[in-house]
>>> print(open('final31.pdb').read())   # PDB, C-alpha atoms
MODEL        1
ATOM      1  CA  MET A   1      95.737 -12.632 -50.600  1.00  0.00           C
ATOM      2  CA  ALA A   2      96.826 -12.581 -54.217  1.00  0.00           C
ATOM      3  CA  ASN A   3     100.252 -11.787 -55.576  1.00  0.00           C
ATOM      4  CA  GLU A   4     100.648 -10.867 -59.206  1.00  0.00           C
ATOM      5  CA  VAL A   5     103.809 -11.022 -61.288  1.00  0.00           C
ATOM      6  CA  SER A   6     103.825  -9.752 -64.861  1.00  0.00           C
ATOM      7  CA  LEU A   7     106.315 -10.378 -67.625  1.00  0.00           C
ATOM      8  CA  GLN A   8     106.138  -9.746 -71.344  1.00  0.00           C
ATOM      9  CA  GLU A   9     108.097 -11.624 -73.923  1.00  0.00           C
ATOM     10  CA  THR A  10     107.811 -11.925 -77.695  1.00  0.00           C
ATOM     11  CA  VAL A  11     107.805 -15.440 -79.117  1.00  0.00           C
ATOM     12  CA  GLU A  12     108.048 -15.892 -82.869  1.00  0.00           C
ATOM     13  CA  GLY A  13     107.239 -18.909 -84.979  1.00  0.00           C
ATOM     14  CA  PHE A  14     106.607 -19.973 -88.552  1.00  0.00           C
ATOM     15  CA  ILE A  15     103.219 -20.847 -89.986  1.00  0.00           C
ATOM     16  CA  GLY A  16     102.903 -24.626 -89.774  1.00  0.00           C
ATOM     17  CA  GLY A  17     105.768 -24.815 -87.278  1.00  0.00           C
ATOM     18  CA  SER A  18     105.948 -24.980 -83.484  1.00  0.00           C
ATOM     19  CA  ALA A  19     106.647 -22.483 -80.723  1.00  0.00           C
ATOM     20  CA  VAL A  20     106.893 -22.664 -76.937  1.00  0.00           C
ATOM     21  CA  LEU A  21     105.394 -19.945 -74.756  1.00  0.00           C
ATOM     22  CA  PRO A  22     107.272 -19.953 -71.449  1.00  0.00           C
ATOM     23  CA  CYS A  23     105.423 -19.752 -68.141  1.00  0.00           C
ATOM     24  CA  SER A  24     106.901 -20.657 -64.799  1.00  0.00           C
ATOM     25  CA  SER A  25     106.625 -19.989 -61.117  1.00  0.00           C
ATOM     26  CA  LYS A  26     109.718 -18.668 -59.370  1.00  0.00           C
ATOM     27  CA  GLU A  27     109.509 -21.502 -56.869  1.00  0.00           C
ATOM     28  CA  SER A  28     109.483 -25.271 -57.240  1.00  0.00           C
ATOM     29  CA  LEU A  29     106.375 -26.998 -55.957  1.00  0.00           C
ATOM     30  CA  ASN A  30     105.977 -29.705 -53.339  1.00  0.00           C
ATOM     31  CA  THR A  31     102.873 -30.990 -55.111  1.00  0.00           C
ATOM     32  CA  THR A  32     100.732 -30.073 -58.095  1.00  0.00           C
ATOM     33  CA  GLN A  33      97.501 -31.077 -56.344  1.00  0.00           C
ATOM     34  CA  ASN A  34      96.773 -27.493 -55.271  1.00  0.00           C
ATOM     35  CA  ILE A  35      97.739 -25.908 -58.601  1.00  0.00           C
ATOM     36  CA  HIS A  36      95.402 -24.617 -61.283  1.00  0.00           C
ATOM     37  CA  VAL A  37      96.965 -23.146 -64.437  1.00  0.00           C
ATOM     38  CA  ARG A  38      94.975 -21.315 -67.091  1.00  0.00           C
ATOM     39  CA  TRP A  39      96.296 -20.207 -70.453  1.00  0.00           C
ATOM     40  CA  ARG A  40      94.142 -17.556 -72.149  1.00  0.00           C
ATOM     41  CA  ILE A  41      94.453 -15.414 -75.249  1.00  0.00           C
ATOM     42  CA  ASN A  42      93.362 -11.788 -75.070  1.00  0.00           C
ATOM     43  CA  ASN A  43      91.835 -12.506 -71.644  1.00  0.00           C
ATOM     44  CA  SER A  44      88.955 -14.401 -73.220  1.00  0.00           C
ATOM     45  CA  GLN A  45      89.485 -17.695 -75.044  1.00  0.00           C
ATOM     46  CA  ASN A  46      90.494 -20.782 -73.073  1.00  0.00           C
ATOM     47  CA  VAL A  47      93.680 -22.052 -74.719  1.00  0.00           C
ATOM     48  CA  TYR A  48      94.818 -24.673 -72.182  1.00  0.00           C
ATOM     49  CA  GLU A  49      94.186 -25.665 -68.596  1.00  0.00           C
ATOM     50  CA  ILE A  50      95.996 -27.749 -65.990  1.00  0.00           C
ATOM     51  CA  ILE A  51      93.983 -28.727 -62.928  1.00  0.00           C
ATOM     52  CA  LYS A  52      95.615 -30.565 -60.018  1.00  0.00           C
ATOM     53  CA  GLY A  53      98.515 -31.603 -62.223  1.00  0.00           C
ATOM     54  CA  LYS A  54      96.293 -32.957 -65.028  1.00  0.00           C
ATOM     55  CA  VAL A  55      95.588 -31.423 -68.427  1.00  0.00           C
ATOM     56  CA  SER A  56      91.954 -30.491 -68.914  1.00  0.00           C
ATOM     57  CA  VAL A  57      90.712 -29.828 -72.461  1.00  0.00           C
ATOM     58  CA  GLU A  58      87.033 -29.934 -71.520  1.00  0.00           C
ATOM     59  CA  ASN A  59      86.577 -26.154 -71.910  1.00  0.00           C
ATOM     60  CA  GLN A  60      89.336 -25.639 -74.473  1.00  0.00           C
ATOM     61  CA  ASP A  61      88.497 -23.439 -77.455  1.00  0.00           C
ATOM     62  CA  PRO A  62      88.172 -25.759 -80.500  1.00  0.00           C
ATOM     63  CA  GLN A  63      90.840 -23.941 -82.527  1.00  0.00           C
ATOM     64  CA  TYR A  64      93.514 -25.139 -80.070  1.00  0.00           C
ATOM     65  CA  LYS A  65      92.432 -28.774 -79.783  1.00  0.00           C
ATOM     66  CA  ASN A  66      95.186 -31.248 -80.681  1.00  0.00           C
ATOM     67  CA  ARG A  67      97.649 -28.378 -81.319  1.00  0.00           C
ATOM     68  CA  THR A  68      98.756 -27.514 -77.793  1.00  0.00           C
ATOM     69  CA  GLU A  69     100.729 -29.480 -75.245  1.00  0.00           C
ATOM     70  CA  SER A  70     102.589 -28.928 -72.018  1.00  0.00           C
ATOM     71  CA  PHE A  71     105.393 -30.691 -70.176  1.00  0.00           C
ATOM     72  CA  PRO A  72     103.909 -32.641 -67.204  1.00  0.00           C
ATOM     73  CA  GLU A  73     107.320 -33.747 -65.964  1.00  0.00           C
ATOM     74  CA  GLU A  74     108.163 -30.048 -65.470  1.00  0.00           C
ATOM     75  CA  TYR A  75     105.106 -29.100 -63.387  1.00  0.00           C
ATOM     76  CA  ILE A  76     106.791 -29.952 -60.083  1.00  0.00           C
ATOM     77  CA  ARG A  77     109.569 -27.480 -61.016  1.00  0.00           C
ATOM     78  CA  GLY A  78     106.920 -24.792 -61.516  1.00  0.00           C
ATOM     79  CA  ASN A  79     107.227 -24.888 -65.320  1.00  0.00           C
ATOM     80  CA  PHE A  80     103.879 -24.646 -67.121  1.00  0.00           C
ATOM     81  CA  SER A  81     105.152 -23.617 -70.555  1.00  0.00           C
ATOM     82  CA  LEU A  82     102.868 -24.291 -73.495  1.00  0.00           C
ATOM     83  CA  LYS A  83     103.921 -25.687 -76.869  1.00  0.00           C
ATOM     84  CA  PHE A  84     101.928 -24.805 -79.969  1.00  0.00           C
ATOM     85  CA  ASN A  85     102.080 -27.105 -82.991  1.00  0.00           C
ATOM     86  CA  ASN A  86     100.942 -26.340 -86.542  1.00  0.00           C
ATOM     87  CA  LEU A  87     100.996 -22.568 -85.969  1.00  0.00           C
ATOM     88  CA  GLN A  88      98.350 -20.535 -87.772  1.00  0.00           C
ATOM     89  CA  HIS A  89      97.900 -16.811 -88.446  1.00  0.00           C
ATOM     90  CA  THR A  90      94.992 -16.834 -86.003  1.00  0.00           C
ATOM     91  CA  ASP A  91      97.376 -17.813 -83.175  1.00  0.00           C
ATOM     92  CA  ALA A  92      98.816 -14.298 -83.098  1.00  0.00           C
ATOM     93  CA  GLY A  93      97.808 -12.425 -79.969  1.00  0.00           C
ATOM     94  CA  GLU A  94      98.512 -11.728 -76.330  1.00  0.00           C
ATOM     95  CA  TYR A  95      98.566 -14.845 -74.159  1.00  0.00           C
ATOM     96  CA  GLN A  96      98.179 -14.920 -70.415  1.00  0.00           C
ATOM     97  CA  CYS A  97      99.299 -17.717 -68.123  1.00  0.00           C
ATOM     98  CA  TYR A  98      97.684 -17.742 -64.688  1.00  0.00           C
ATOM     99  CA  ILE A  99      99.236 -19.961 -62.011  1.00  0.00           C
ATOM    100  CA  MET A 100      96.957 -20.251 -58.992  1.00  0.00           C
ATOM    101  CA  GLU A 101      97.904 -22.114 -55.864  1.00  0.00           C
ATOM    102  CA  LYS A 102      95.411 -22.737 -53.108  1.00  0.00           C
ATOM    103  CA  SER A 103      96.872 -22.398 -49.650  1.00  0.00           C
ATOM    104  CA  VAL A 104      96.723 -25.200 -47.130  1.00  0.00           C
ATOM    105  CA  ASN A 105      93.476 -23.803 -45.734  1.00  0.00           C
ATOM    106  CA  TYR A 106      92.095 -23.169 -49.257  1.00  0.00           C
ATOM    107  CA  ALA A 107      91.289 -19.586 -48.283  1.00  0.00           C
ATOM    108  CA  SER A 108      93.814 -17.748 -50.415  1.00  0.00           C
ATOM    109  CA  LYS A 109      95.400 -18.024 -53.826  1.00  0.00           C
ATOM    110  CA  GLU A 110      98.637 -16.773 -55.267  1.00  0.00           C
ATOM    111  CA  CYS A 111      98.303 -15.714 -58.862  1.00  0.00           C
ATOM    112  CA  PHE A 112     101.172 -15.120 -61.251  1.00  0.00           C
ATOM    113  CA  VAL A 113     100.118 -13.438 -64.494  1.00  0.00           C
ATOM    114  CA  ILE A 114     102.491 -13.701 -67.407  1.00  0.00           C
ATOM    115  CA  ALA A 115     101.637 -12.151 -70.772  1.00  0.00           C
ATOM    116  CA  TYR A 116     103.241 -13.247 -74.015  1.00  0.00           C
ATOM    117  CA  PHE A 117     102.885 -12.373 -77.648  1.00  0.00           C
ATOM    118  CA  LEU A 118     103.011 -14.986 -80.371  1.00  0.00           C
ATOM    119  CA  VAL A 119     103.824 -13.547 -83.766  1.00  0.00           C
ATOM    120  CA  PRO A 120     103.732 -16.123 -86.566  1.00  0.00           C
ATOM    121  CA  ILE A 121     105.897 -15.280 -89.538  1.00  0.00           C
ATOM    122  CA  ASP A 122     104.786 -16.286 -93.002  1.00  0.00           C
ATOM    123  CA  ASN A 123     107.434 -18.514 -94.569  1.00  0.00           C
ATOM    124  CA  ILE A 124     106.226 -18.134 -98.153  1.00  0.00           C
ATOM    125  CA  CYS A 125     108.929 -16.869-100.492  1.00  0.00           C
ATOM    126  CA  THR A 126     108.056 -14.546-103.353  1.00  0.00           C
ATOM    127  CA  GLY A 127     109.972 -13.822-106.487  1.00  0.00           C
ATOM    128  CA  SER A 128     111.664 -15.895-109.115  1.00  0.00           C
ATOM    129  CA  TRP A 129     114.488 -18.408-108.839  1.00  0.00           C
ATOM    130  CA  GLU A 130     115.624 -17.692-112.361  1.00  0.00           C
TER     131      GLU A 130
ENDMDL
END
>>> encode(input="final31.pdb", output="C-alpha coordinates")
Amino acid sequence: MANEVSLQETVEGFIGGSAVLPCSSKESLNTTQNIHVRWRINNSQNVYEIIKGKVSVENQDPQYKNRTESFPEEYIRGNFSLKFNNLQHTDAGEYQCYIMEKSVNYASKECFVIAYFLVPIDNICTGSWE
(Lines of atoms letter the chains of each structure in order from A and count residues from 1; the text may use other names and numbers.)
(Lines give C-alpha, C1' and ligand atoms only; values in the text may rest on other atoms or scores of the structure.)
Protein backbone atom coordinates (compact mmCIF):
# COMPACT_ATOMS: atom_id res chain seq x y z
CA MET A 1 0.00 0.00 0.00
CA ALA A 2 1.38 3.40 -0.90
CA ASN A 3 0.04 6.77 0.14
CA GLU A 4 1.08 9.85 -1.77
CA VAL A 5 0.94 13.44 -0.58
CA SER A 6 1.84 16.28 -2.93
CA LEU A 7 2.68 19.87 -2.15
CA GLN A 8 4.22 22.60 -4.27
CA GLU A 9 6.12 25.53 -2.92
CA THR A 10 8.43 28.09 -4.51
CA VAL A 11 11.78 28.64 -2.83
CA GLU A 12 13.96 31.51 -3.99
CA GLY A 13 17.64 32.11 -3.42
CA PHE A 14 20.55 34.18 -4.65
CA ILE A 15 23.37 32.90 -6.81
CA GLY A 16 26.20 31.99 -4.44
CA GLY A 17 23.84 32.00 -1.46
CA SER A 18 21.92 29.28 0.38
CA ALA A 19 18.33 28.06 0.36
CA VAL A 20 16.40 25.39 2.26
CA LEU A 21 13.88 23.18 0.48
CA PRO A 22 11.38 21.96 3.07
CA CYS A 23 10.30 18.33 3.20
CA SER A 24 8.61 16.70 6.14
CA SER A 25 6.32 13.88 7.11
CA LYS A 26 3.13 14.81 8.92
CA GLU A 27 4.02 12.42 11.71
CA SER A 28 7.03 12.14 14.00
CA LEU A 29 8.96 8.90 13.74
CA ASN A 30 9.78 6.31 16.38
CA THR A 31 12.97 5.40 14.53
CA THR A 32 14.74 6.33 11.31
CA GLN A 33 15.94 2.77 10.70
CA ASN A 34 13.03 2.01 8.36
CA ILE A 35 13.17 5.34 6.50
CA HIS A 36 14.59 5.97 3.05
CA VAL A 37 14.47 9.55 1.72
CA ARG A 38 15.33 10.46 -1.85
CA TRP A 39 15.69 13.98 -3.19
CA ARG A 40 15.51 14.20 -6.99
CA ILE A 41 15.40 17.00 -9.53
CA ASN A 42 13.07 16.67 -12.50
CA ASN A 43 12.47 13.03 -11.52
CA SER A 44 15.91 12.04 -12.75
CA GLN A 45 19.08 13.26 -11.05
CA ASN A 46 19.93 12.03 -7.56
CA VAL A 47 20.38 15.15 -5.44
CA TYR A 48 20.53 13.65 -1.94
CA GLU A 49 19.68 10.44 -0.15
CA ILE A 50 19.11 9.40 3.46
CA ILE A 51 19.10 5.67 4.15
CA LYS A 52 18.26 4.33 7.62
CA GLY A 53 18.95 7.71 9.16
CA LYS A 54 22.35 8.14 7.46
CA VAL A 55 23.28 10.41 4.56
CA SER A 56 24.37 8.52 1.48
CA VAL A 57 26.24 10.42 -1.25
CA GLU A 58 27.39 7.29 -3.07
CA ASN A 59 24.97 7.82 -6.00
CA GLN A 60 24.75 11.61 -5.71
CA ASP A 61 25.02 13.58 -8.94
CA PRO A 62 28.46 15.29 -8.93
CA GLN A 63 27.03 18.80 -9.32
CA TYR A 64 25.52 18.57 -5.82
CA LYS A 65 28.53 17.12 -4.00
CA ASN A 66 29.67 19.24 -1.04
CA ARG A 67 26.83 21.74 -1.66
CA THR A 68 23.89 19.98 -0.02
CA GLU A 69 23.19 19.11 3.59
CA SER A 70 20.32 18.02 5.77
CA PHE A 71 19.49 18.25 9.46
CA PRO A 72 20.03 14.80 11.08
CA GLU A 73 18.77 15.96 14.46
CA GLU A 74 15.40 16.68 12.78
CA TYR A 75 14.91 13.26 11.14
CA ILE A 76 13.12 11.80 14.17
CA ARG A 77 10.59 14.67 13.89
CA GLY A 78 9.97 13.69 10.26
CA ASN A 79 11.89 16.69 8.89
CA PHE A 80 14.06 15.86 5.87
CA SER A 81 14.54 19.39 4.52
CA LEU A 82 17.53 19.96 2.28
CA LYS A 83 19.87 22.95 2.40
CA PHE A 84 21.66 24.07 -0.74
CA ASN A 85 24.88 26.07 -0.44
CA ASN A 86 26.63 28.06 -3.17
CA LEU A 87 23.51 28.21 -5.35
CA GLN A 88 24.05 28.10 -9.10
CA HIS A 89 21.82 28.84 -12.11
CA THR A 90 21.80 25.12 -12.86
CA ASP A 91 20.05 24.45 -9.52
CA ALA A 92 16.79 25.84 -10.89
CA GLY A 93 14.20 23.13 -11.40
CA GLU A 94 11.50 21.00 -9.86
CA TYR A 95 12.67 18.98 -6.86
CA GLN A 96 10.95 15.94 -5.46
CA CYS A 97 11.36 14.58 -1.95
CA TYR A 98 10.28 10.98 -1.47
CA ILE A 99 9.89 9.70 2.09
CA MET A 100 9.50 5.92 2.15
CA GLU A 101 8.86 3.96 5.30
CA LYS A 102 8.95 0.20 5.33
CA SER A 103 6.29 -1.36 7.50
CA VAL A 104 7.12 -3.72 10.31
CA ASN A 105 6.73 -6.69 7.97
CA TYR A 106 8.67 -4.89 5.19
CA ALA A 107 5.85 -5.63 2.76
CA SER A 108 4.52 -2.13 2.22
CA LYS A 109 5.82 1.39 1.93
CA GLU A 110 4.27 4.77 2.52
CA CYS A 111 5.49 7.36 0.08
CA PHE A 112 5.08 11.10 0.46
CA VAL A 113 5.95 13.05 -2.68
CA ILE A 114 6.66 16.72 -2.27
CA ALA A 115 7.61 18.88 -5.26
CA TYR A 116 9.43 22.17 -4.93
CA PHE A 117 10.82 24.76 -7.28
CA LEU A 118 14.12 26.48 -6.66
CA VAL A 119 14.46 29.73 -8.54
CA PRO A 120 17.87 31.38 -8.11
CA ILE A 121 17.87 35.12 -8.58
CA ASP A 122 20.88 36.81 -10.10
CA ASN A 123 22.23 39.39 -7.66
CA ILE A 124 24.32 41.30 -10.20
CA CYS A 125 23.45 44.99 -10.34
CA THR A 126 23.58 46.87 -13.62
CA GLY A 127 23.86 50.55 -14.24
CA SER A 128 26.04 53.31 -12.95
CA TRP A 129 26.58 54.60 -9.43
CA GLU A 130 27.39 58.06 -10.70
>>> resolve_selection(input="final31.pdb", expression="the PyMOL selection byres ((chain A and resi 52) around 7)", output="number ranges by chain")
A: 32-36, 50-51, 53-54
>>> write_last_selection(input="final31.pdb", atoms="C-alpha atoms", output="tab-separated table (two decimals), keeping the file's coordinate frame")
chain	number	residue	atom	x	y	z
A	32	THR	CA	100.73	-30.07	-58.10
A	33	GLN	CA	97.50	-31.08	-56.34
A	34	ASN	CA	96.77	-27.49	-55.27
A	35	ILE	CA	97.74	-25.91	-58.60
A	36	HIS	CA	95.40	-24.62	-61.28
A	50	ILE	CA	96.00	-27.75	-65.99
A	51	ILE	CA	93.98	-28.73	-62.93
A	53	GLY	CA	98.52	-31.60	-62.22
A	54	LYS	CA	96.29	-32.96	-65.03
>>> atom_distance(input="final31.pdb", atom1="atom CA of Phe80 of chain A", atom2="atom CA of Tyr98 of chain A")
9.6 Å
>>> resolve_selection(input="final31.pdb", expression="the PyMOL selection byres ((chain A and resi 76) around 8)", output="PyMOL selection string")
chain A and resi 28-32+73-75+77-79
>>> resolve_selection(input="final31.pdb", expression="the PyMOL selection byres ((chain A and resi 22) around 9)", output="PDB file with C-alpha atoms, in the coordinates of the input")
ATOM      1  CA  GLU A   9     108.097 -11.624 -73.923  1.00  0.00           C
ATOM      2  CA  VAL A  11     107.805 -15.440 -79.117  1.00  0.00           C
ATOM      3  CA  VAL A  20     106.893 -22.664 -76.937  1.00  0.00           C
ATOM      4  CA  LEU A  21     105.394 -19.945 -74.756  1.00  0.00           C
ATOM      5  CA  CYS A  23     105.423 -19.752 -68.141  1.00  0.00           C
ATOM      6  CA  SER A  24     106.901 -20.657 -64.799  1.00  0.00           C
ATOM      7  CA  ASN A  79     107.227 -24.888 -65.320  1.00  0.00           C
ATOM      8  CA  PHE A  80     103.879 -24.646 -67.121  1.00  0.00           C
ATOM      9  CA  SER A  81     105.152 -23.617 -70.555  1.00  0.00           C
ATOM     10  CA  LEU A  82     102.868 -24.291 -73.495  1.00  0.00           C
ATOM     11  CA  LYS A  83     103.921 -25.687 -76.869  1.00  0.00           C
ATOM     12  CA  CYS A  97      99.299 -17.717 -68.123  1.00  0.00           C
ATOM     13  CA  ILE A 114     102.491 -13.701 -67.407  1.00  0.00           C
ATOM     14  CA  TYR A 116     103.241 -13.247 -74.015  1.00  0.00           C
TER      15      TYR A 116
END
>>> closest_residue(input="final31.pdb", among="A:Glu27, A:Glu94, A:Glu58, A:Glu69", to="Asn42 of chain A", atoms="only C-alpha atoms")
A:Glu94
>>> residues_around(input="final31.pdb", residues="Val47 of chain A", least_positions_apart="4", cutoff="7 Å", atoms="only C-alpha atoms", output="PyMOL selection string")
chain A and resi 39-41+60-61+64
>>> closest_residue(input="final31.pdb", among="A:Ser18, A:Gln63, A:Ser70, A:Thr10", to="Tyr95 of chain A", atoms="all atoms listed in the file")
A:Thr10
>>> atom_distance(input="final31.pdb", atom1="atom CA of Pro62 of chain A", atom2="atom CA of Ser25 of chain A")
27.4 Å
>>> atom_distance(input="final31.pdb", atom1="atom CA of Ile99 of chain A", atom2="atom CA of Arg38 of chain A")
6.8 Å
>>> residues_around(input="final31.pdb", residues="Asn86 of chain A", least_positions_apart="6", cutoff="7 Å", atoms="only C-alpha atoms", output="PyMOL selection string")
chain A and resi 15-18+67
>>> axis_aligned_box(input="final31.pdb", around="segment 29-36 of chain A", padding_each_side="4 Å", output="JSON")
{"center_x": 100.9, "center_y": -27.8, "center_z": -57.3, "size_x": 19.0, "size_y": 14.5, "size_z": 15.9}
